[in-house]
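See structure below.
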Amino acid sequence: MVAIMAGTTDTQRLIGDLAREGVVVSVDHAAGTARVAFADELTTGDIPWLASRAGSTRTWSPPAIGEQVMVLAPEADTARGVIIGSLSSDAHPHPANDASSVAEYEDGARIGYDPATHALTAILPGGATVRIDAAGGLSFKGNLTVDGDIKSTGTITAETDVVGAGKSLKDHMHLGVQPGGGLSGKPQ
């Protein structure tokens, strides 16, 4: 009878150890692995984290040191464990509290979409840059507002008009125009 009870206890413990919460203590980006410490002072070896895609389309979002994660360990063997997801914590709370989708990065950058307001946002910290390479072209539909200078290494073409400081490029007039080789005055 005692042997049966011990077997039941071992089975329950093994089932309980299949999925465990822990905290990431190291990350090896080159190998795509991390080590996770559990509350009972057990630390895994280098184990992989689950990727949302890993075929012809691939995603990369490594866990961070201090991140709370869930580890699935087949047959309770942490050497075969896989980090299957992250859990919000007091140290790393949810980046939003509504129906939006948000990615928030260590440096404060936030990229998100809010379906309630139909707003796509990319908010980057000071000194950040954006690069888009599109050999086939880049197209915007809608009004565009730029708060800053614009520089082009190619021709800028407008199908209707260009207005600078209230002066129309196609409809402005010049003062002091005289026949011959003289220069006109500033546009009106």
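Chain identifiers are assigned as A, B, and so on, following the order in which chains appear in the structure tokens; residues are numbered from 1 within each chain, and ligands are numbered from 1 in order of appearance.
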Name the residues in contact with Val69 in chain A at a cut-off of 10 Å, using only C-alpha atoms, excluding same-chain residues fewer than 2 positions from it; report them as an mmCIF file with N, CA and C atoms, in the first residue's frame.
data_model
loop_
_atom_site.group_PDB
_atom_site.id
_atom_site.type_symbol
_atom_site.label_atom_id
_atom_site.label_comp_id
_atom_site.auth_asym_id
_atom_site.auth_seq_id
_atom_site.Cartn_x
_atom_site.Cartn_y
_atom_site.Cartn_z
ATOM 1 N N ARG A 20 5.986 24.951 -15.591
ATOM 2 C CA ARG A 20 6.418 25.695 -14.408
ATOM 3 C C ARG A 20 6.683 27.147 -14.753
ATOM 4 N N GLU A 21 6.391 28.028 -13.793
ATOM 5 C CA GLU A 21 6.719 29.442 -13.929
ATOM 6 C C GLU A 21 8.132 29.669 -13.427
ATOM 7 N N GLY A 22 8.852 30.537 -14.109
ATOM 8 C CA GLY A 22 10.196 30.883 -13.684
ATOM 9 C C GLY A 22 10.589 32.247 -14.204
ATOM 10 N N VAL A 23 11.823 32.631 -13.950
ATOM 11 C CA VAL A 23 12.348 33.930 -14.375
ATOM 12 C C VAL A 23 13.608 33.701 -15.191
ATOM 13 N N VAL A 24 13.705 34.383 -16.331
ATOM 14 C CA VAL A 24 14.872 34.264 -17.203
ATOM 15 C C VAL A 24 16.085 34.872 -16.499
ATOM 16 N N VAL A 36 16.391 29.501 -17.190
ATOM 17 C CA VAL A 36 15.268 29.945 -16.365
ATOM 18 C C VAL A 36 15.440 29.408 -14.951
ATOM 19 N N ALA A 37 15.265 30.299 -13.964
ATOM 20 C CA ALA A 37 15.331 29.908 -12.544
ATOM 21 C C ALA A 37 13.908 29.777 -12.014
ATOM 22 N N PHE A 38 13.673 28.701 -11.259
ATOM 23 C CA PHE A 38 12.380 28.454 -10.640
ATOM 24 C C PHE A 38 12.449 28.792 -9.161
ATOM 25 N N TRP A 49 13.297 29.073 -26.708
ATOM 26 C CA TRP A 49 11.996 29.690 -26.485
ATOM 27 C C TRP A 49 11.148 29.460 -27.719
ATOM 28 N N PRO A 63 13.436 36.423 -25.139
ATOM 29 C CA PRO A 63 13.063 36.892 -23.805
ATOM 30 C C PRO A 63 14.186 37.753 -23.223
ATOM 31 N N ALA A 64 13.851 38.497 -22.180
ATOM 32 C CA ALA A 64 14.833 39.365 -21.524
ATOM 33 C C ALA A 64 15.124 38.840 -20.120
ATOM 34 N N GLY A 66 15.152 38.689 -16.382
ATOM 35 C CA GLY A 66 14.168 39.205 -15.443
ATOM 36 C C GLY A 66 12.724 38.989 -15.888
ATOM 37 N N GLU A 67 12.528 38.503 -17.113
ATOM 38 C CA GLU A 67 11.179 38.267 -17.631
ATOM 39 C C GLU A 67 10.601 36.981 -17.031
ATOM 40 N N VAL A 71 7.554 27.508 -18.605
ATOM 41 C CA VAL A 71 8.387 26.483 -19.226
ATOM 42 C C VAL A 71 7.597 25.183 -19.279
ATOM 43 N N LEU A 72 7.531 24.578 -20.443
ATOM 44 C CA LEU A 72 6.941 23.254 -20.611
ATOM 45 C C LEU A 72 8.096 22.262 -20.663
ATOM 46 N N ILE A 83 10.620 27.296 -23.407
ATOM 47 C CA ILE A 83 9.901 28.468 -22.896
ATOM 48 C C ILE A 83 8.723 28.683 -23.843
ATOM 49 N N ILE A 84 7.498 28.533 -23.318
ATOM 50 C CA ILE A 84 6.328 28.588 -24.197
ATOM 51 C C ILE A 84 5.618 29.931 -24.172
ATOM 52 N N GLY A 85 6.017 30.832 -23.332
ATOM 53 C CA GLY A 85 5.380 32.147 -23.302
ATOM 54 C C GLY A 85 5.830 32.948 -22.108
ATOM 55 N N SER A 86 5.402 34.197 -22.100
ATOM 56 C CA SER A 86 5.759 35.122 -21.029
ATOM 57 C C SER A 86 4.516 35.496 -20.239
ATOM 58 N N LEU A 87 4.742 35.899 -19.001
ATOM 59 C CA LEU A 87 3.669 36.331 -18.115
ATOM 60 C C LEU A 87 3.975 37.749 -17.650
ATOM 61 N N SER A 88 2.965 38.603 -17.655
ATOM 62 C CA SER A 88 3.160 39.946 -17.109
ATOM 63 C C SER A 88 3.412 39.826 -15.618
ATOM 64 N N SER A 89 4.130 40.801 -15.087
ATOM 65 C CA SER A 89 4.458 40.797 -13.663
ATOM 66 C C SER A 89 4.499 42.236 -13.176
#
Practice task
Please report, as a ChimeraX atom specification, each residue of range 7-154 of chain A to which DSSP assigns strand (DSSP E or B) when run on this structure's backbone.
Solution key: /A:19-28,33-37,43,47-49,54,58,68-72,82-87,101-104,110-114,119-123
Could you write out the selected residues, including C-alpha atoms, as an mmCIF file, in the first residue's frame?
data_model
loop_
_atom_site.group_PDB
_atom_site.id
_atom_site.type_symbol
_atom_site.label_atom_id
_atom_site.label_comp_id
_atom_site.auth_asym_id
_atom_site.auth_seq_id
_atom_site.Cartn_x
_atom_site.Cartn_y
_atom_site.Cartn_z
ATOM 1 C CA ALA A 19 4.668 23.313 -16.776
ATOM 2 C CA ARG A 20 6.418 25.695 -14.408
ATOM 3 C CA GLU A 21 6.719 29.442 -13.929
ATOM 4 C CA GLY A 22 10.196 30.883 -13.684
ATOM 5 C CA VAL A 23 12.348 33.930 -14.375
ATOM 6 C CA VAL A 24 14.872 34.264 -17.203
ATOM 7 C CA VAL A 25 18.391 34.570 -15.741
ATOM 8 C CA SER A 26 20.479 34.506 -18.952
ATOM 9 C CA VAL A 27 19.960 34.668 -22.708
ATOM 10 C CA ASP A 28 22.243 33.378 -25.473
ATOM 11 C CA THR A 33 18.408 29.761 -25.837
ATOM 12 C CA ALA A 34 17.880 31.008 -22.307
ATOM 13 C CA ARG A 35 18.223 29.750 -18.729
ATOM 14 C CA VAL A 36 15.268 29.945 -16.365
ATOM 15 C CA ALA A 37 15.331 29.908 -12.544
ATOM 16 C CA THR A 43 17.794 26.565 -12.854
ATOM 17 C CA ILE A 47 16.614 25.818 -23.419
ATOM 18 C CA PRO A 48 14.926 27.313 -26.518
ATOM 19 C CA TRP A 49 11.996 29.690 -26.485
ATOM 20 C CA ALA A 54 9.939 29.331 -37.602
ATOM 21 C CA ARG A 58 10.308 33.575 -39.214
ATOM 22 C CA GLN A 68 8.681 35.881 -16.042
ATOM 23 C CA VAL A 69 8.052 32.894 -18.343
ATOM 24 C CA MET A 70 6.248 29.560 -18.502
ATOM 25 C CA VAL A 71 8.387 26.483 -19.226
ATOM 26 C CA LEU A 72 6.941 23.254 -20.611
ATOM 27 C CA VAL A 82 10.890 24.932 -23.884
ATOM 28 C CA ILE A 83 9.901 28.468 -22.896
ATOM 29 C CA ILE A 84 6.328 28.588 -24.197
ATOM 30 C CA GLY A 85 5.380 32.147 -23.302
ATOM 31 C CA SER A 86 5.759 35.122 -21.029
ATOM 32 C CA LEU A 87 3.669 36.331 -18.115
ATOM 33 C CA SER A 101 -2.209 45.500 -29.987
ATOM 34 C CA VAL A 102 1.068 46.942 -28.712
ATOM 35 C CA ALA A 103 4.748 46.043 -28.884
ATOM 36 C CA GLU A 104 6.812 47.989 -26.367
ATOM 37 C CA ARG A 110 6.074 51.572 -28.960
ATOM 38 C CA ILE A 111 4.398 50.245 -32.070
ATOM 39 C CA GLY A 112 0.699 49.585 -31.913
ATOM 40 C CA TYR A 113 -2.713 49.545 -33.470
ATOM 41 C CA ASP A 114 -5.917 50.633 -31.738
ATOM 42 C CA ALA A 119 -4.902 54.479 -35.313
ATOM 43 C CA LEU A 120 -1.567 52.866 -36.191
ATOM 44 C CA THR A 121 1.257 54.402 -34.159
ATOM 45 C CA ALA A 122 5.018 54.108 -34.026
ATOM 46 C CA ILE A 123 6.474 56.205 -31.222
#
Could you find all residues in range 44-153 of chain A that DSSP calls helix (DSSP H, G or I) from the backbone, and write them as a tab-separated table (two decimals) with C-alpha atoms, in the first residue's frame?
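Result went into states03.tsv, see below:
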chain	number	residue	atom	x	y	z
A	74	PRO	CA	8.16	16.97	-21.25
A	75	GLU	CA	8.13	14.22	-18.58
A	76	ALA	CA	9.20	16.98	-16.12
A	78	THR	CA	13.88	20.58	-17.67
A	79	ALA	CA	16.80	19.63	-19.95
A	80	ARG	CA	14.14	19.13	-22.67
Exercise for the section: Would you please work out which residue, of A:Asp77, A:Pro62, A:His172, A:Glu106, is nearest to Thr44 in chain A when using only C-alpha atoms? Expected result: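 Of A:Asp77, A:Pro62, A:His172, A:Glu106, the one nearest Thr44 in chain A is A:Asp77, counting only C-alpha atoms.
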Exercise for the section: Have a look at CA of Asp107 in chain A and CA of Pro125 in chain A and let me know their distance in Å, one decimal. Expected result: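 Pair CA of Asp107 in chain A / CA of Pro125 in chain A returns 7.0 Å.
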Fill in the blank from the handout: The distance between CA of Thr153 in chain A and CA of Ser168 in chain A is 22.8 Å
Fill in the blank from the handout: Of A:Gly55, A:Ala30, A:Ala73, A:Leu138, the one sitting nearest Gly16 in chain A when using only C-alpha atoms is A:Ala73
Practice task
Could you check which of A:Ala128, A:Ala135, A:Ala99, A:Ile65 is closest to Ala116 in chain A, using only C-alpha atoms?
Solution key: A:Ala99
Exercise for the section: May I ask for the distance between CA of Asp10 in chain A and CA of Asp40 in chain A, given in Å to one decimal place? Expected result: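 Straight-line distance from CA of Asp10 in chain A to CA of Asp40 in chain A works out to 16.9 Å.
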